[in-house]
>>> print(open('entry_2.cif').read())   # mmCIF, C-alpha atoms and all ligand atoms
data_structure
#
loop_
_atom_site.label_atom_id
_atom_site.label_comp_id
_atom_site.auth_asym_id
_atom_site.auth_seq_id
_atom_site.Cartn_x
_atom_site.Cartn_y
_atom_site.Cartn_z
CA LEU A 30 32.91 -15.34 -33.47
CA GLU A 31 29.43 -16.13 -32.20
CA ARG A 32 27.46 -19.02 -33.65
CA ALA A 33 25.48 -18.12 -36.77
CA LEU A 34 21.74 -17.61 -36.40
CA THR A 35 20.15 -20.37 -38.44
CA ILE A 36 16.89 -19.64 -40.20
CA ALA A 37 14.38 -21.45 -42.37
CA ILE A 38 12.45 -19.43 -44.92
CA CYS A 39 8.99 -20.83 -45.62
CA GLY A 40 7.54 -19.56 -48.89
CA LEU A 41 9.25 -18.44 -52.06
CA GLY A 42 6.96 -15.66 -53.30
CA THR A 43 7.69 -11.96 -53.82
CA VAL A 44 8.57 -11.19 -50.19
CA ALA A 45 10.65 -14.35 -49.62
CA GLN A 46 12.65 -13.63 -52.75
CA GLY A 47 13.14 -10.07 -51.49
CA VAL A 48 14.43 -11.42 -48.16
CA LEU A 49 16.95 -13.72 -49.88
CA GLU A 50 18.15 -10.89 -52.06
CA LEU A 51 18.54 -8.50 -49.14
CA LEU A 52 20.39 -11.10 -47.03
CA ARG A 53 22.77 -11.55 -49.94
CA ASN A 54 23.26 -7.91 -50.95
CA ASN A 55 23.63 -6.54 -47.42
CA ALA A 56 25.20 -9.61 -45.75
CA SER A 57 28.12 -7.75 -44.16
CA VAL A 58 26.11 -4.88 -42.69
CA ILE A 59 23.44 -7.31 -41.46
CA ALA A 60 26.06 -9.56 -39.82
CA ALA A 61 27.78 -6.55 -38.24
CA ARG A 62 24.52 -5.30 -36.73
CA SER A 63 23.49 -8.79 -35.63
CA GLY A 64 26.84 -9.51 -34.05
CA ARG A 65 26.90 -12.83 -35.92
CA PRO A 66 26.21 -14.20 -39.37
CA ILE A 67 22.73 -15.21 -40.53
CA ARG A 68 22.63 -18.62 -42.19
CA VAL A 69 19.67 -19.75 -44.30
CA ARG A 70 19.49 -23.53 -43.81
CA HIS A 71 16.19 -24.35 -45.56
CA VAL A 72 13.92 -22.75 -48.09
CA ALA A 73 10.56 -24.50 -48.09
CA SER A 74 7.98 -23.99 -50.79
CA ARG A 75 5.60 -25.88 -53.07
CA SER A 76 7.98 -25.55 -55.99
CA GLU A 77 11.47 -24.26 -56.62
CA LYS A 78 11.92 -21.04 -58.61
CA PRO A 79 14.65 -21.34 -61.22
CA GLY A 80 17.15 -18.53 -61.05
CA VAL A 81 16.50 -17.63 -57.38
CA ASP A 82 19.69 -17.73 -55.31
CA LEU A 83 18.89 -19.74 -52.17
CA LEU A 84 22.17 -18.65 -50.52
CA GLY A 85 23.31 -22.25 -50.16
CA ALA A 86 20.13 -23.36 -48.37
CA ALA A 87 18.58 -26.75 -49.03
CA PHE A 88 15.31 -26.56 -50.94
CA THR A 89 12.45 -28.62 -49.54
CA THR A 90 8.74 -28.96 -50.19
CA SER A 91 8.20 -30.06 -46.60
CA LEU A 92 7.36 -27.36 -44.03
CA ASP A 93 7.59 -30.04 -41.34
CA SER A 94 11.26 -30.62 -41.98
CA THR A 95 12.03 -27.00 -41.05
CA ILE A 96 10.22 -27.31 -37.72
CA GLU A 97 11.73 -30.70 -36.93
CA ASP A 98 15.32 -29.62 -37.62
CA PRO A 99 16.96 -28.93 -34.23
CA GLU A 100 19.52 -26.68 -35.95
CA VAL A 101 16.86 -24.13 -36.96
CA ASP A 102 16.55 -21.16 -34.58
CA VAL A 103 14.03 -19.11 -36.51
CA VAL A 104 11.15 -20.00 -38.83
CA VAL A 105 10.33 -17.16 -41.23
CA GLU A 106 6.71 -17.61 -42.30
CA LEU A 107 6.14 -16.09 -45.73
CA ILE A 108 3.79 -18.65 -47.25
CA GLY A 109 0.78 -16.35 -46.98
CA GLY A 110 -2.80 -17.55 -46.82
CA GLU A 111 -4.35 -18.38 -43.49
CA GLU A 112 -4.85 -22.02 -42.51
CA ALA A 113 -1.48 -23.51 -43.40
CA ALA A 114 0.34 -20.39 -42.17
CA ASP A 115 -1.53 -20.46 -38.84
CA LEU A 116 -0.62 -24.11 -38.33
CA LEU A 117 3.01 -23.47 -39.23
CA VAL A 118 3.33 -20.56 -36.77
CA ARG A 119 1.72 -22.51 -33.90
CA ARG A 120 3.84 -25.60 -34.53
CA ALA A 121 7.07 -23.64 -34.89
CA LEU A 122 6.49 -21.68 -31.64
CA SER A 123 5.51 -24.86 -29.78
CA ALA A 124 8.70 -26.51 -31.06
CA GLY A 125 10.71 -23.70 -29.47
CA LYS A 126 11.57 -21.81 -32.67
CA SER A 127 11.30 -18.05 -32.85
CA VAL A 128 8.94 -16.94 -35.59
CA VAL A 129 9.08 -13.98 -37.95
CA THR A 130 5.98 -13.41 -40.07
CA ALA A 131 4.56 -10.83 -42.44
CA ASN A 132 1.11 -12.41 -42.26
CA LYS A 133 -1.18 -9.70 -40.91
CA ALA A 134 -4.36 -11.72 -41.43
CA ILE A 135 -3.40 -14.50 -39.01
CA ILE A 136 -1.87 -12.10 -36.47
CA ALA A 137 -5.04 -9.96 -36.48
CA LYS A 138 -7.09 -13.06 -35.68
CA HIS A 139 -4.79 -15.19 -33.51
CA GLY A 140 -2.09 -12.78 -32.30
CA ASP A 141 -2.97 -13.26 -28.62
CA ALA A 142 -2.50 -17.03 -28.95
CA TYR A 143 0.82 -16.69 -30.79
CA LEU A 144 2.25 -14.33 -28.19
CA ARG A 145 1.18 -16.69 -25.39
CA LEU A 146 2.82 -19.65 -27.17
CA ALA A 147 5.99 -17.63 -27.70
CA ARG A 148 6.14 -16.56 -24.06
CA ASP A 149 5.56 -20.12 -22.83
CA ALA A 150 8.34 -21.43 -25.09
CA GLY A 151 10.67 -18.53 -24.25
CA VAL A 152 11.06 -17.57 -27.92
CA ALA A 153 10.33 -14.44 -29.94
CA PHE A 154 7.33 -13.75 -32.18
CA CYS A 155 8.09 -10.81 -34.49
CA PHE A 156 5.92 -9.12 -37.09
CA GLU A 157 7.41 -5.76 -38.07
CA SER A 158 6.72 -6.56 -41.74
CA ALA A 159 3.01 -7.21 -41.17
CA VAL A 160 2.11 -3.51 -40.98
CA ALA A 161 3.09 -0.85 -43.51
CA GLY A 162 5.97 -2.75 -45.13
CA GLY A 163 9.20 -0.79 -44.83
CA ILE A 164 7.97 1.64 -42.13
CA PRO A 165 9.31 0.51 -38.74
CA ILE A 166 5.97 1.18 -37.05
CA ILE A 167 5.93 -1.86 -34.75
CA GLY A 168 9.32 -0.78 -33.40
CA ALA A 169 8.04 2.78 -32.98
CA LEU A 170 5.06 1.60 -30.90
CA THR A 171 6.81 -1.07 -28.83
CA HIS A 172 10.13 0.68 -28.33
CA GLY A 173 10.37 4.31 -29.43
CA LEU A 174 7.05 5.35 -27.86
CA ALA A 175 7.15 2.84 -24.99
CA ALA A 176 6.93 5.57 -22.35
CA ASN A 177 3.80 7.15 -23.82
CA ARG A 178 0.09 6.77 -23.52
CA VAL A 179 -1.18 6.82 -27.08
CA ARG A 180 -4.29 8.98 -27.54
CA TRP A 181 -4.99 8.15 -31.17
CA LEU A 182 -3.40 6.90 -34.33
CA ALA A 183 -4.53 7.31 -37.91
CA GLY A 184 -2.95 5.81 -40.95
CA ILE A 185 -3.01 5.24 -44.66
CA ILE A 186 -2.15 1.56 -44.36
CA ASN A 187 -3.20 0.03 -47.66
CA GLY A 188 -0.98 1.03 -50.55
CA THR A 189 -3.28 -0.42 -53.19
CA SER A 190 -6.25 1.70 -52.04
CA ASN A 191 -4.09 4.79 -51.81
CA TYR A 192 -2.72 4.13 -55.30
CA ILE A 193 -6.24 3.82 -56.70
CA LEU A 194 -7.59 6.92 -54.92
CA THR A 195 -4.59 8.95 -56.06
CA ALA A 196 -5.01 7.82 -59.69
CA MET A 197 -8.74 8.66 -59.56
CA ALA A 198 -8.06 12.11 -58.04
CA GLN A 199 -5.06 13.15 -60.11
CA SER A 200 -5.68 11.61 -63.53
CA ALA A 201 -9.38 10.67 -63.44
CA GLN A 202 -8.21 7.12 -64.07
CA PRO A 203 -10.98 4.54 -63.81
CA PHE A 204 -10.94 2.30 -60.74
CA ALA A 205 -10.28 -0.94 -62.68
CA VAL A 206 -7.26 0.44 -64.56
CA ALA A 207 -5.66 1.78 -61.37
CA LEU A 208 -6.26 -1.55 -59.65
CA SER A 209 -4.65 -3.59 -62.39
CA ASP A 210 -1.63 -1.22 -62.34
CA ALA A 211 -1.28 -1.76 -58.58
CA GLN A 212 -1.48 -5.52 -59.12
CA ALA A 213 1.14 -5.41 -61.89
CA LEU A 214 3.47 -3.45 -59.57
CA GLY A 215 3.17 -6.23 -56.97
CA TYR A 216 1.35 -4.19 -54.31
CA ALA A 217 -2.04 -5.87 -54.19
CA GLU A 218 -2.95 -8.87 -52.07
CA ALA A 219 -3.40 -12.23 -53.82
CA ASP A 220 -7.11 -11.53 -53.48
CA PRO A 221 -7.43 -7.77 -54.20
CA THR A 222 -10.86 -7.59 -52.56
CA PHE A 223 -8.88 -7.62 -49.27
CA ASP A 224 -7.37 -4.30 -50.36
CA ILE A 225 -10.45 -2.72 -51.90
CA GLU A 226 -12.92 -3.71 -49.20
CA GLY A 227 -10.65 -2.49 -46.40
CA ILE A 228 -9.97 -5.93 -44.91
CA ASP A 229 -6.19 -5.66 -45.30
CA ALA A 230 -6.24 -2.25 -43.59
CA ALA A 231 -8.44 -3.69 -40.82
CA HIS A 232 -5.87 -6.47 -40.22
CA LYS A 233 -3.16 -3.84 -39.85
CA LEU A 234 -5.25 -1.52 -37.67
CA THR A 235 -6.00 -4.48 -35.37
CA ILE A 236 -2.28 -5.03 -34.87
CA LEU A 237 -1.49 -1.34 -34.32
CA ALA A 238 -4.36 -0.88 -31.85
CA SER A 239 -3.34 -3.96 -29.91
CA LEU A 240 0.15 -2.52 -29.41
CA ALA A 241 -0.99 1.06 -28.81
CA PHE A 242 -3.85 0.41 -26.39
CA GLY A 243 -3.39 -3.11 -25.04
CA VAL A 244 -6.81 -4.20 -26.24
CA GLY A 245 -5.69 -7.53 -27.69
CA PHE A 246 -6.10 -8.48 -31.32
CA ARG A 247 -9.76 -7.57 -31.99
CA PHE A 248 -10.15 -7.94 -35.75
CA ASP A 249 -13.84 -8.85 -35.49
CA ASP A 250 -14.53 -5.59 -33.65
CA VAL A 251 -13.07 -3.30 -36.31
CA TYR A 252 -15.66 -1.36 -38.31
CA THR A 253 -14.57 -1.80 -41.93
CA GLU A 254 -15.47 0.00 -45.15
CA GLY A 255 -13.41 -0.08 -48.34
CA ILE A 256 -12.95 2.31 -51.24
CA ASP A 257 -15.31 0.37 -53.52
CA THR A 258 -18.20 2.80 -53.02
CA LEU A 259 -16.24 5.94 -53.94
CA ASN A 260 -16.35 7.68 -57.29
CA ILE A 261 -14.59 10.57 -58.96
CA GLU A 262 -17.54 12.89 -58.30
CA ASP A 263 -17.14 12.48 -54.51
CA ILE A 264 -13.41 13.10 -54.78
CA GLU A 265 -14.10 16.29 -56.76
CA TYR A 266 -16.76 17.62 -54.34
CA ALA A 267 -14.42 16.91 -51.43
CA ARG A 268 -11.68 18.86 -53.22
CA GLN A 269 -14.02 21.84 -53.71
CA LEU A 270 -14.72 21.78 -49.98
CA GLY A 271 -10.97 21.82 -49.18
CA TYR A 272 -10.50 18.12 -48.46
CA ARG A 273 -8.86 14.99 -49.92
CA ILE A 274 -10.46 11.57 -49.61
CA LYS A 275 -8.10 9.05 -48.03
CA HIS A 276 -8.70 5.52 -46.85
CA LEU A 277 -7.80 5.65 -43.15
CA GLY A 278 -7.48 3.26 -40.29
CA ILE A 279 -8.29 5.11 -37.06
CA ALA A 280 -7.87 3.95 -33.46
CA ARG A 281 -8.73 6.47 -30.78
CA LEU A 282 -9.07 6.46 -27.04
CA VAL A 283 -12.32 8.15 -25.91
CA ALA A 284 -14.23 8.21 -22.63
CA GLN A 285 -16.22 5.07 -23.50
CA GLY A 286 -13.27 2.96 -24.71
CA VAL A 287 -11.37 2.69 -27.96
CA GLU A 288 -12.69 3.38 -31.45
CA LEU A 289 -11.47 0.94 -34.13
CA ARG A 290 -12.50 1.90 -37.63
CA VAL A 291 -11.35 1.70 -41.24
CA HIS A 292 -13.14 3.77 -43.88
CA PRO A 293 -12.78 6.41 -46.59
CA THR A 294 -12.32 9.76 -44.86
CA LEU A 295 -12.30 13.43 -45.82
CA VAL A 296 -8.96 14.81 -44.62
CA PRO A 297 -8.32 18.60 -44.63
CA GLU A 298 -6.08 19.33 -47.61
CA LYS A 299 -3.46 21.01 -45.41
CA HIS A 300 -3.10 18.00 -43.11
CA MET A 301 0.09 16.02 -43.74
CA LEU A 302 -1.81 12.78 -44.39
CA ALA A 303 -3.64 14.50 -47.27
CA SER A 304 -0.44 14.66 -49.28
CA VAL A 305 0.50 11.00 -48.91
CA ASP A 306 -0.07 9.81 -52.46
CA GLY A 307 0.38 6.82 -54.71
CA VAL A 308 1.32 3.55 -53.09
CA MET A 309 2.91 5.24 -50.06
CA ASN A 310 1.71 4.61 -46.52
CA ALA A 311 1.82 6.94 -43.52
CA ILE A 312 0.78 6.63 -39.90
CA MET A 313 0.39 9.52 -37.46
CA ILE A 314 0.49 8.76 -33.76
CA HIS A 315 -0.63 11.24 -31.13
CA ALA A 316 0.93 10.32 -27.81
CA ASP A 317 0.97 12.17 -24.49
CA ALA A 318 4.69 12.76 -24.10
CA ALA A 319 6.05 12.66 -27.66
CA GLY A 320 3.12 14.61 -29.15
CA ASP A 321 2.44 14.01 -32.83
CA THR A 322 4.85 11.76 -34.71
CA LEU A 323 4.46 10.78 -38.37
CA TYR A 324 5.87 7.70 -40.11
CA TYR A 325 5.95 7.68 -43.92
CA GLY A 326 7.23 5.14 -46.41
CA ALA A 327 6.57 2.29 -48.78
CA GLY A 328 3.89 0.04 -47.34
CA ALA A 329 4.22 -2.79 -49.82
CA GLY A 330 6.55 -4.33 -52.34
CA ALA A 331 9.31 -6.91 -52.07
CA ALA A 332 12.29 -4.85 -50.89
CA PRO A 333 10.52 -2.64 -48.30
CA THR A 334 8.75 -5.65 -46.78
CA ALA A 335 11.99 -7.65 -46.79
CA SER A 336 13.66 -4.73 -44.97
CA ALA A 337 11.21 -5.24 -42.08
CA VAL A 338 11.49 -9.05 -42.12
CA VAL A 339 15.28 -8.88 -41.90
CA ALA A 340 15.08 -6.24 -39.13
CA ASP A 341 13.20 -8.82 -37.03
CA ILE A 342 15.83 -11.47 -37.83
CA VAL A 343 18.56 -9.05 -36.71
CA ASP A 344 16.68 -8.38 -33.45
CA ILE A 345 16.50 -12.10 -32.76
CA ALA A 346 20.17 -12.57 -33.63
CA LYS A 347 21.13 -9.79 -31.17
CA GLY A 348 18.87 -11.23 -28.49
CA THR A 349 16.81 -8.05 -28.25
CA ALA A 350 13.59 -9.66 -29.51
CA VAL A 351 12.44 -10.94 -26.14
CA PRO A 352 9.23 -12.93 -25.58
CA TRP A 353 6.61 -10.52 -24.36
CA LEU A 354 2.86 -10.08 -24.06
CA PRO A 355 1.20 -6.75 -24.69
CA ALA A 356 -1.55 -5.93 -22.22
CA THR A 357 -4.76 -7.69 -23.10
CA HIS A 358 -8.32 -6.49 -23.33
CA GLU A 359 -8.97 -7.85 -19.83
CA ASP A 360 -5.96 -6.02 -18.36
CA SER A 361 -6.82 -2.73 -19.97
CA GLY A 362 -10.54 -2.94 -19.23
CA LEU A 363 -11.11 -1.05 -22.46
CA ARG A 364 -14.05 -1.88 -24.62
CA VAL A 365 -14.38 -1.22 -28.32
CA VAL A 366 -16.79 1.66 -28.85
CA ASN A 367 -19.95 0.82 -30.75
CA MET A 368 -19.96 2.56 -34.13
CA LYS A 369 -23.18 4.45 -33.35
CA ASP A 370 -21.37 6.13 -30.44
CA ILE A 371 -18.40 7.51 -32.40
CA HIS A 372 -18.38 11.23 -33.21
CA SER A 373 -17.42 12.54 -36.62
CA GLY A 374 -18.12 15.21 -39.17
CA TYR A 375 -19.95 13.96 -42.26
CA TYR A 376 -20.00 14.54 -46.00
CA LEU A 377 -23.48 13.73 -47.27
CA LYS A 378 -24.46 13.45 -50.93
CA ILE A 379 -28.23 13.55 -51.20
CA PRO A 380 -29.71 12.57 -54.59
CA SER A 381 -32.62 15.00 -54.94
CA LEU A 382 -35.26 16.06 -57.41
CA ASP A 383 -34.44 19.46 -58.84
CA LYS A 384 -37.42 21.26 -57.28
CA PRO A 385 -37.80 24.37 -55.11
CA GLY A 386 -37.61 23.81 -51.37
CA VAL A 387 -35.73 20.50 -51.34
CA PHE A 388 -32.64 21.93 -49.70
CA ALA A 389 -34.75 23.77 -47.12
CA ARG A 390 -36.53 20.54 -46.18
CA ALA A 391 -33.21 18.68 -45.90
CA ALA A 392 -31.76 21.46 -43.73
CA THR A 393 -34.83 21.34 -41.47
CA ILE A 394 -34.40 17.60 -40.93
CA LEU A 395 -30.74 18.07 -40.06
CA SER A 396 -31.54 20.82 -37.57
CA GLU A 397 -34.28 18.67 -35.99
CA HIS A 398 -31.50 16.13 -35.33
CA GLU A 399 -29.26 18.87 -33.89
CA ILE A 400 -26.86 18.54 -36.80
CA SER A 401 -25.17 21.72 -37.82
CA ILE A 402 -24.16 22.42 -41.42
CA GLU A 403 -20.63 23.56 -42.21
CA ALA A 404 -20.79 23.89 -46.01
CA VAL A 405 -23.05 23.11 -48.96
CA ILE A 406 -22.60 22.49 -52.69
CA GLN A 407 -25.53 22.32 -55.02
CA LYS A 408 -24.92 22.46 -58.76
CA GLU A 409 -27.86 22.84 -61.10
CA GLN A 410 -25.90 21.43 -64.00
CA ALA A 411 -24.84 18.22 -62.25
CA VAL A 412 -27.88 16.28 -63.41
CA HIS A 413 -27.78 12.51 -63.02
CA HIS A 414 -29.94 10.14 -65.03
CA GLU A 415 -29.03 6.82 -63.40
CA THR A 416 -32.56 6.21 -62.15
CA ASP A 417 -35.87 6.72 -63.97
CA ARG A 418 -35.96 10.25 -62.57
CA ALA A 419 -33.28 12.86 -63.22
CA TRP A 420 -31.71 14.10 -59.98
CA VAL A 421 -29.13 16.54 -58.72
CA PRO A 422 -26.76 15.97 -55.83
CA ILE A 423 -27.01 18.19 -52.77
CA VAL A 424 -23.68 17.90 -50.99
CA ILE A 425 -23.57 18.88 -47.32
CA LEU A 426 -20.68 18.95 -44.90
CA THR A 427 -21.75 18.74 -41.25
CA HIS A 428 -20.11 19.54 -37.94
CA GLU A 429 -19.35 16.71 -35.56
CA ILE A 430 -22.23 14.58 -34.39
CA SER A 431 -22.69 11.02 -33.18
CA GLU A 432 -23.01 8.32 -35.82
CA GLY A 433 -26.28 7.23 -34.16
CA ALA A 434 -27.81 10.70 -34.63
CA MET A 435 -26.55 10.77 -38.21
CA ASP A 436 -28.13 7.36 -38.92
CA LYS A 437 -31.50 8.70 -37.78
CA ALA A 438 -31.14 11.90 -39.81
CA ILE A 439 -30.22 9.93 -42.94
CA SER A 440 -33.27 7.68 -42.54
CA ALA A 441 -35.49 10.76 -42.21
CA LEU A 442 -33.88 12.39 -45.26
CA GLU A 443 -34.26 9.25 -47.35
CA ALA A 444 -37.95 9.17 -46.47
CA LEU A 445 -38.48 12.57 -48.15
CA PRO A 446 -40.39 12.20 -51.44
CA ASP A 447 -37.84 14.51 -53.11
CA VAL A 448 -34.91 12.21 -52.27
CA VAL A 449 -34.67 9.58 -54.99
CA GLY A 450 -32.08 7.13 -53.69
CA PRO A 451 -29.69 6.23 -50.91
CA ILE A 452 -27.62 9.04 -49.40
CA LYS A 453 -23.87 8.63 -49.56
CA ARG A 454 -22.04 9.38 -46.30
CA ILE A 455 -18.29 9.79 -45.89
CA ARG A 456 -16.81 10.59 -42.49
CA VAL A 457 -14.65 13.70 -41.97
CA GLU A 458 -11.63 13.68 -39.67
CA HIS A 459 -9.99 16.69 -38.05
CA PHE A 460 -7.53 14.70 -35.88
CA ALA A 461 -8.54 16.39 -32.68
CA ASP A 462 -7.53 15.01 -29.32
CA VAL A 463 -10.67 14.12 -27.35
N1 LIG B 501 -1.80 -5.24 -50.33
C1 LIG B 501 -1.08 -4.51 -49.32
C2 LIG B 501 -1.13 -3.04 -49.70
C3 LIG B 501 0.33 -5.00 -49.28
O1 LIG B 501 -1.57 -2.71 -50.81
O2 LIG B 501 -0.80 -2.21 -48.88
C4 LIG B 501 1.02 -4.85 -47.99
O3 LIG B 501 0.34 -5.37 -46.91
#
>>> encode(input="entry_2.cif", output="structure tokens", more="lines below")
Ligand code: HSE
Amino acid sequence: LERALTIAICGLGTVAQGVLELLRNNASVIAARSGRPIRVRHVASRSEKPGVDLLGAAFTTSLDSTIEDPEVDVVVELIGGEEAADLLVRRALSAGKSVVTANKAIIAKHGDAYLRLARDAGVAFCFESAVAGGIPIIGALTHGLAANRVRWLAGIINGTSNYILTAMAQSAQPFAVALSDAQALGYAEADPTFDIEGIDAAHKLTILASLAFGVGFRFDDVYTEGIDTLNIEDIEYARQLGYRIKHLGIARLVAQGVELRVHPTLVPEKHMLASVDGVMNAIMIHADAAGDTLYYGAGAGAAPTASAVVADIVDIAKGTAVPWLPATHEDSGLRVVNMKDIHSGYYLKIPSLDKPGVFARAATILSEHEISIEAVIQKEQAVHHETDRAWVPIVILTHEISEGAMDKAISALEALPDVVGPIKRIRVEHFADV
């Protein structure tokens, strides 16, 4: 029998507890697939949790002791947060330990450095659990689709946002209630603004784009908008136009480089991503040989995330998790496309005085900016009184145009005396190959 793979689990929160439980419940199948047993030697955390089975491991409050122990092959970083986790990962890799982490925030920012450290030390750095929980999307990109050039990928990669949007669309549930439900179910980040403002999705998109396009980990270059500006009225207008509003991460190869963006998006109701509801995640990848492939599953929660963490441990045990470096930004020569140069359709909600000729003036401005209208909704009865003047929304769906042209058109529209406030814009995606 081969020597056991010895691991140290750092952290004892939801995911770490899920990992311990999975290692216990599925020990025989995991050992069979690994070719050897997995032994947990240390569990390191600030405080012990009564009732949690540590599988015979020694409990310690010292992260250092896990790195210093020559018996430990793999450090599993599940402490969360950024600074201490970053330090732990760097020190473990430098000490010649393989590292498994679910920490998308530190990978999105320092992934290039971690992979370099891992390669120099000849150890593995694995992060299947960092993106979309139980969906094996890292494996799909690095292994299953390895022979392809990826053209674009688009995903619902924050379960909390999807849960909230679904509750707003299907049961008119207020934002705050849906959010606290998602928190109670254990889906939300410790700081839920990371979910709501799109930061968590931007971390994940950074990782996916790095693997798909070899652009390095470019978190600071991702354009990021969350779901915090959406309301039920927008969801309803979108529905009347034949669309669902989903929070998407999009990475797309275009002539000028690669687009990296995270924002609420109108998705045609017949598109498969439109029916991904609740806390579920899904990622569609359009690649040159495989065509469209779609990956669907639970993106958060203890057991699905543990499933991905343990998959990495099995890979290391088998010796198939080799040190590697994806192509970097410099190798690929790809730049991240400036947001004003992306092309998209747009949903515009223009708060207007209810007077004759307003729509005609708005349409003239759009045509002066070469923007073509696809559909319009204007409801006399939808009067708003949020400002000192009553207004009605004019909702316009446009054909594709550059974001720069749309910015100029919106400024011109907002300068009209009949327009009483800021115009809401939501991008529309048709998933075309460009
Ligand atoms: N807060 C994340 C989500 C958890 O809601 O998707 C998994 O990263």
>>> residues_near_ligand(input="entry_2.cif", ligand="ligand LIG 501 (chain B)", cutoff="8 Å", atoms="all atoms listed in the file", output="PyMOL selection string")
chain A and resi 133+159-162+186-191+211+216-219+221+223-224+229-230+308+310+328-330+334
>>> write_last_selection(input="entry_2.cif", atoms="C-alpha atoms", output="mmCIF file, in the frame of the given file")
data_model
loop_
_atom_site.group_PDB
_atom_site.id
_atom_site.type_symbol
_atom_site.label_atom_id
_atom_site.label_comp_id
_atom_site.auth_asym_id
_atom_site.auth_seq_id
_atom_site.Cartn_x
_atom_site.Cartn_y
_atom_site.Cartn_z
ATOM 1 C CA LYS A 133 -1.180 -9.700 -40.910
ATOM 2 C CA ALA A 159 3.010 -7.210 -41.170
ATOM 3 C CA VAL A 160 2.110 -3.510 -40.980
ATOM 4 C CA ALA A 161 3.090 -0.850 -43.510
ATOM 5 C CA GLY A 162 5.970 -2.750 -45.130
ATOM 6 C CA ILE A 186 -2.150 1.560 -44.360
ATOM 7 C CA ASN A 187 -3.200 0.030 -47.660
ATOM 8 C CA GLY A 188 -0.980 1.030 -50.550
ATOM 9 C CA THR A 189 -3.280 -0.420 -53.190
ATOM 10 C CA SER A 190 -6.250 1.700 -52.040
ATOM 11 C CA ASN A 191 -4.090 4.790 -51.810
ATOM 12 C CA ALA A 211 -1.280 -1.760 -58.580
ATOM 13 C CA TYR A 216 1.350 -4.190 -54.310
ATOM 14 C CA ALA A 217 -2.040 -5.870 -54.190
ATOM 15 C CA GLU A 218 -2.950 -8.870 -52.070
ATOM 16 C CA ALA A 219 -3.400 -12.230 -53.820
ATOM 17 C CA PRO A 221 -7.430 -7.770 -54.200
ATOM 18 C CA PHE A 223 -8.880 -7.620 -49.270
ATOM 19 C CA ASP A 224 -7.370 -4.300 -50.360
ATOM 20 C CA ASP A 229 -6.190 -5.660 -45.300
ATOM 21 C CA ALA A 230 -6.240 -2.250 -43.590
ATOM 22 C CA VAL A 308 1.320 3.550 -53.090
ATOM 23 C CA ASN A 310 1.710 4.610 -46.520
ATOM 24 C CA GLY A 328 3.890 0.040 -47.340
ATOM 25 C CA ALA A 329 4.220 -2.790 -49.820
ATOM 26 C CA GLY A 330 6.550 -4.330 -52.340
ATOM 27 C CA THR A 334 8.750 -5.650 -46.780
#
>>> residues_around(input="entry_2.cif", residues="Asn260 in chain A", least_positions_apart="2", cutoff="12 Å", atoms="all atoms listed in the file", output="list in words")
Ile193, Leu194, Thr195, Ala196, Met197, Ala198, Ala201, Gln202, Pro203, Phe204, Ala205, Ile256, Asp257, Thr258, Glu262, Asp263, Ile264, Glu265, Tyr266, Ala267, Ile274, Pro293, Lys378, Lys453 and Ile455 of chain A
>>> closest_residue(input="entry_2.cif", among="A:Val457, A:Val448, A:Leu354, A:Ala319", to="Ser373 in chain A", atoms="only C-alpha atoms")
A:Val457
>>> residues_around(input="entry_2.cif", residues="Glu429 in chain A", least_positions_apart="2", cutoff="9 Å", atoms="only C-alpha atoms", output="PDB file with C-alpha atoms, in the coordinates of the input")
ATOM      1  CA  HIS A 372     -18.380  11.230 -33.210  1.00  0.00           C
ATOM      2  CA  SER A 373     -17.420  12.540 -36.620  1.00  0.00           C
ATOM      3  CA  GLY A 374     -18.120  15.210 -39.170  1.00  0.00           C
ATOM      4  CA  TYR A 375     -19.950  13.960 -42.260  1.00  0.00           C
ATOM      5  CA  ILE A 400     -26.860  18.540 -36.800  1.00  0.00           C
ATOM      6  CA  SER A 401     -25.170  21.720 -37.820  1.00  0.00           C
ATOM      7  CA  THR A 427     -21.750  18.740 -41.250  1.00  0.00           C
ATOM      8  CA  SER A 431     -22.690  11.020 -33.180  1.00  0.00           C
ATOM      9  CA  VAL A 457     -14.650  13.700 -41.970  1.00  0.00           C
TER      10      VAL A 457
END
>>> atom_distance(input="entry_2.cif", atom1="CA of Ile394 in chain A", atom2="CA of Ala461 in chain A")
27.2 Å
